[in-house]
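Reproduced below: protein_29.txt, with compact mmCIF, C-alpha atoms and all ligand atoms.
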# COMPACT_ATOMS: atom_id res chain seq x y z
CA MET L 2 16.04 -7.45 -13.74
CA ALA L 3 16.26 -7.79 -9.97
CA LEU L 4 14.55 -9.62 -7.14
CA LEU L 5 12.91 -7.18 -4.72
CA ALA L 6 12.49 -7.67 -0.96
CA ILE L 7 8.86 -8.37 0.03
CA LEU L 8 7.62 -6.65 3.20
CA CYS L 9 6.26 -9.08 5.81
CA TYR L 10 3.15 -8.50 7.93
CA PRO L 11 2.92 -6.78 10.45
CA ASP L 12 5.36 -4.30 8.86
CA PRO L 13 3.65 -0.87 9.21
CA ARG L 14 4.75 0.11 5.68
CA LEU L 15 2.13 -2.37 4.38
CA HIS L 16 -0.51 0.10 5.59
CA THR L 17 0.70 2.99 3.41
CA VAL L 18 -1.84 4.36 0.92
CA ALA L 19 -0.27 4.39 -2.56
CA LYS L 20 -0.23 7.45 -4.85
CA PRO L 21 -1.23 7.31 -8.54
CA VAL L 22 1.42 6.38 -11.10
CA GLN L 23 2.20 9.65 -12.89
CA ALA L 24 3.36 8.08 -16.17
CA VAL L 25 4.19 4.57 -17.42
CA ASP L 26 7.78 5.53 -18.20
CA ALA L 27 11.13 3.71 -18.18
CA ARG L 28 11.24 3.73 -14.34
CA ILE L 29 7.81 2.10 -14.07
CA ARG L 30 8.64 -0.44 -16.83
CA LYS L 31 11.80 -1.46 -14.90
CA LEU L 32 9.74 -1.70 -11.68
CA VAL L 33 7.17 -3.89 -13.50
CA ALA L 34 9.94 -6.22 -14.78
CA ASP L 35 11.40 -6.50 -11.25
CA MET L 36 7.97 -7.07 -9.67
CA LEU L 37 7.15 -9.82 -12.18
CA GLU L 38 10.50 -11.53 -11.55
CA THR L 39 9.89 -11.27 -7.78
CA MET L 40 6.31 -12.63 -8.08
CA TYR L 41 7.36 -15.60 -10.25
CA ASP L 42 10.34 -16.36 -8.00
CA ALA L 43 8.02 -16.45 -4.95
CA ASN L 44 5.41 -18.60 -6.80
CA GLY L 45 2.80 -15.90 -6.35
CA ILE L 46 -0.10 -15.08 -8.65
CA GLY L 47 0.00 -11.35 -7.88
CA LEU L 48 2.10 -8.62 -6.33
CA ALA L 49 1.33 -4.99 -5.44
CA ALA L 50 4.02 -2.30 -5.43
CA THR L 51 3.19 -1.64 -1.75
CA GLN L 52 4.58 -5.09 -0.91
CA VAL L 53 8.00 -4.10 -2.27
CA ASP L 54 7.88 -0.75 -0.42
CA VAL L 55 7.01 1.34 -3.48
CA HIS L 56 3.88 3.36 -2.73
CA GLU L 57 2.46 3.86 -6.22
CA ARG L 58 -0.74 2.33 -7.62
CA LEU L 59 0.81 -0.55 -9.54
CA ILE L 60 -0.04 -4.27 -9.61
CA VAL L 61 1.26 -7.30 -11.50
CA ILE L 62 -0.75 -10.54 -11.84
CA ASP L 63 -0.42 -13.89 -13.60
CA VAL L 64 -3.14 -16.46 -12.83
CA SER L 65 -2.33 -18.67 -15.84
CA GLU L 66 -1.35 -22.33 -15.32
CA GLU L 67 1.64 -21.88 -17.63
CA ARG L 68 2.81 -18.70 -15.83
CA ASN L 69 3.17 -16.94 -19.16
CA GLN L 70 0.31 -14.41 -19.14
CA PRO L 71 1.55 -11.46 -17.09
CA MET L 72 -0.87 -8.58 -16.55
CA VAL L 73 0.09 -5.07 -15.48
CA LEU L 74 -2.47 -2.75 -13.88
CA ALA L 75 -1.44 0.82 -13.13
CA ASN L 76 -3.93 3.14 -11.41
CA PRO L 77 -6.65 0.43 -11.32
CA GLU L 78 -10.23 1.52 -10.59
CA ILE L 79 -13.20 -0.75 -9.93
CA LEU L 80 -15.97 0.36 -12.32
CA TRP L 81 -18.46 -2.26 -11.15
CA ALA L 82 -18.57 -5.09 -8.61
CA SER L 83 -21.29 -7.75 -8.48
CA ASP L 84 -23.58 -7.93 -5.44
CA ASP L 85 -23.03 -11.66 -5.71
CA LYS L 86 -20.18 -12.58 -3.31
CA GLN L 87 -18.05 -15.68 -2.85
CA VAL L 88 -15.71 -16.88 -0.11
CA ASN L 89 -12.31 -18.07 -1.41
CA ASP L 90 -9.17 -19.13 0.41
CA GLU L 91 -6.52 -16.45 0.00
CA GLY L 92 -2.82 -16.35 0.69
CA CYS L 93 -0.36 -13.45 0.61
CA LEU L 94 3.36 -13.28 -0.07
CA SER L 95 3.54 -10.74 2.79
CA VAL L 96 1.92 -13.25 5.22
CA PRO L 97 3.75 -16.45 4.28
CA GLY L 98 2.18 -19.77 5.25
CA ILE L 99 -1.26 -18.32 6.13
CA TYR L 100 -4.38 -19.13 4.08
CA ASP L 101 -7.93 -18.23 5.05
CA GLY L 102 -11.34 -17.53 3.55
CA VAL L 103 -12.29 -13.99 2.47
CA GLU L 104 -15.64 -12.91 1.00
CA ARG L 105 -15.42 -10.76 -2.13
CA SER L 106 -17.51 -9.86 -5.17
CA SER L 107 -17.63 -12.76 -7.64
CA ARG L 108 -17.29 -10.53 -10.72
CA ILE L 109 -15.77 -7.11 -11.28
CA ARG L 110 -15.06 -4.66 -14.09
CA VAL L 111 -11.81 -2.71 -13.74
CA ARG L 112 -10.18 0.14 -15.68
CA ALA L 113 -6.38 0.43 -15.54
CA LEU L 114 -3.35 1.43 -17.58
CA ASP L 115 -1.44 -1.53 -19.03
CA GLY L 116 2.35 -1.91 -19.25
CA GLU L 117 2.44 0.42 -22.26
CA GLY L 118 0.35 3.10 -20.56
CA ASN L 119 -2.81 2.34 -22.57
CA SER L 120 -6.16 2.46 -20.79
CA ARG L 121 -7.89 -0.94 -20.69
CA GLU L 122 -11.14 -2.31 -19.25
CA ILE L 123 -11.08 -5.83 -17.83
CA GLU L 124 -14.02 -8.05 -16.85
CA ALA L 125 -12.86 -10.57 -14.28
CA GLU L 126 -14.31 -13.53 -12.43
CA GLY L 127 -12.93 -16.53 -10.53
CA LEU L 128 -9.33 -16.40 -9.30
CA LEU L 129 -8.53 -13.30 -11.40
CA ALA L 130 -11.35 -11.32 -9.73
CA VAL L 131 -10.19 -12.47 -6.28
CA CYS L 132 -6.57 -11.61 -7.03
CA ILE L 133 -7.33 -8.13 -8.44
CA GLN L 134 -9.43 -7.26 -5.36
CA HIS L 135 -6.71 -8.62 -3.02
CA GLU L 136 -3.97 -6.60 -4.80
CA MET L 137 -6.10 -3.42 -4.92
CA ASP L 138 -6.54 -3.71 -1.14
CA HIS L 139 -2.73 -3.62 -0.79
CA LEU L 140 -2.73 -0.26 -2.63
CA VAL L 141 -4.95 1.24 0.08
CA GLY L 142 -2.85 -0.31 2.84
CA LYS L 143 -5.12 -3.26 3.58
CA VAL L 144 -3.80 -6.80 4.13
CA PHE L 145 -6.22 -9.75 3.77
CA VAL L 146 -5.82 -10.77 7.45
CA GLU L 147 -7.75 -7.59 8.32
CA TYR L 148 -10.90 -9.41 7.09
CA LEU L 149 -10.33 -12.13 9.71
CA SER L 150 -11.45 -12.04 13.37
CA PRO L 151 -9.28 -10.05 15.82
CA LEU L 152 -8.41 -13.38 17.51
CA LYS L 153 -7.11 -14.97 14.28
CA ARG L 154 -5.32 -11.75 13.26
CA ASN L 155 -3.53 -11.50 16.61
CA ARG L 156 -2.44 -15.14 16.40
CA ILE L 157 -1.06 -14.51 12.90
CA LYS L 158 0.72 -11.34 14.08
CA THR L 159 2.34 -13.23 16.97
CA LYS L 160 3.40 -16.06 14.64
CA MET L 161 4.94 -13.64 12.11
CA LEU L 162 6.80 -11.66 14.81
CA LYS L 163 8.16 -14.90 16.30
CA ALA L 164 9.28 -16.09 12.85
CA ARG L 165 11.01 -12.74 12.26
CA ARG L 166 12.72 -12.96 15.68
CA ASP L 167 13.87 -16.51 14.89
CA GLY L 168 15.12 -15.36 11.47
CA GLU L 169 12.71 -17.60 9.53
CA ARG L 170 10.46 -16.93 6.57
CA VAL L 171 7.44 -19.08 7.50
O1 LIG X 1 0.89 -11.44 -1.88
C1 LIG X 1 0.12 -11.34 -2.80
O2 LIG X 1 -0.61 -10.37 -2.88
C2 LIG X 1 0.05 -12.44 -3.81
C3 LIG X 1 -0.97 -13.51 -3.47
C4 LIG X 1 -2.17 -13.28 -4.35
C5 LIG X 1 -3.42 -14.03 -4.01
C6 LIG X 1 -3.45 -15.40 -3.88
C7 LIG X 1 -4.63 -16.06 -3.58
C8 LIG X 1 -5.78 -15.35 -3.45
C9 LIG X 1 -5.74 -13.99 -3.57
C10 LIG X 1 -4.57 -13.33 -3.86
C11 LIG X 1 -0.36 -14.87 -3.75
O3 LIG X 1 0.07 -15.13 -4.80
S1 LIG X 1 -0.35 -15.98 -2.44
C12 LIG X 1 0.45 -17.44 -3.00
C13 LIG X 1 -0.21 -18.20 -4.08
O4 LIG X 1 0.45 -18.41 -5.05
C14 LIG X 1 -1.58 -18.70 -4.08
C15 LIG X 1 -2.33 -18.90 -2.95
C16 LIG X 1 -3.64 -19.38 -3.00
C17 LIG X 1 -4.21 -19.67 -4.22
C18 LIG X 1 -3.46 -19.49 -5.38
C19 LIG X 1 -2.16 -19.02 -5.29
ZN ZN X 2 -1.12 -10.01 -0.68

Would you give me this structure, written as structure tokens?
Amino acid sequence: MALLAILCYPDPRLHTVAKPVQAVDARIRKLVADMLETMYDANGIGLAATQVDVHERLIVIDVSEERNQPMVLANPEILWASDDKQVNDEGCLSVPGIYDGVERSSRIRVRALDGEGNSREIEAEGLLAVCIQHEMDHLVGKVFVEYLSPLKRNRIKTKMLKARRDGERV
């Protein structure tokens, strides 16, 4: 396994729209193992392939307390999203040190291929629903700060560019 480099906002590659995974083959299984290692190493609860500069529709997630329930979602599709919405504080490994409230559907139903390439349907609520929606946004090139006001987003952009110039990871 290997640790992968995580792209940092405002890197333009974070706005790339990912293509479908063609097959859950040995290359994708190796990518999944590397993404999980990278996510656990960074203490994240999710990671999208976009964030490691691979532009295929692939997500890994683990919202368990014990960090032992990895989920793999390839080619995820939202089948249903509740009209009921909730605001939750979100963070992002591509925007280190920034947390802010984002409104999303409280419950969703998603279809995706799992790590073996089998089609699965998942009903999610709470942190899992928030995380799936956040990671699916990455696959269409959207970063959570784009839900914030232009003023906040510009402040974050300036902070990230300064940190990059100073050679820090915030
Ligand atoms: O960069 C990412 O996409 C991963 C991100 C996922 C996420 C966290 C919180 C809400 C929505 C999506 C993170 O893992 S950020 C770091 C983190 O571990 C965390 C932050 C807030 C709450 C719980 C965990
Ligand atoms: Zn993120």

Hey, what's within 9 Å of Gln134 in chain L if we count all atoms listed in the file and toss same-chain stuff fewer than 5 positions away? As an MDAnalysis selection string, please? chainID L and resid 79 105:106 109 129 139

Counting all atoms listed in the file, which residues sit no farther than 12 Å from the position (0.0, -17.9, 6.2) in the file's frame? I'd like them as a list in words.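 Protein, DNA and RNA residues close to (0.0, -17.9, 6.2): Cys9, Tyr10, Asp90, Glu91, Gly92, Cys93, Leu94, Ser95, Val96, Pro97, Gly98, Ile99, Tyr100, Asp101, Gly102, Val144, Phe145, Val146, Lys153, Arg154, Arg156, Ile157, Lys158, Thr159, Lys160, Met161, Ala164, Arg170 and Val171 of chain L.
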
To one decimal in Å, tell me the separation between CA of Asp167 in chain L and CA of Thr51 in chain L. 24.7 Å

Closest to Ala50 in chain L among L:Glu66, L:Asp26, L:Glu78, L:Asp35, using all atoms listed in the file?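 Using all atoms listed in the file, the shortest distance to Ala50 in chain L belongs to L:Asp35.
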
Nearest residue to Glu117 in chain L out of L:Leu37, L:Ala27, L:Leu8, L:Ala130, using all atoms listed in the file?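 Of all the options, L:Ala27 lies closest to Glu117 in chain L.
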
Nearest to Pro77 in chain L among L:Arg108, L:Lys20, L:Lys143, L:Lys31, with distances taken over all atoms listed in the file: which residue is it? L:Lys20

Point out the residue among L:Leu162, L:Ala24, L:Met36, L:Ala82 with the least atom-to-atom distance to ligand LIG 1 (chain X), counting only C-alpha atoms and all ligand atoms.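 Looking at the shortest contact to ligand LIG 1 (chain X), the residue is L:Met36.
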
Take every atom of ligand LIG 1 (chain X) listed in the file, fit an axis-aligned box around them, add 3 Å per side, and give the centre and edge lengths in Å to one decimal as AutoDock Vina command-line options.
--center_x -2.4 --center_y -15.0 --center_z -3.6 --size_x 12.7 --size_y 15.3 --size_z 9.5

Which of L:Val22, L:Val53, L:Asp42, L:Trp81 sits closest to Ile7 in chain L [using only C-alpha atoms]: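 Among the listed residues, the smallest separation from Ile7 in chain L belongs to L:Val53.
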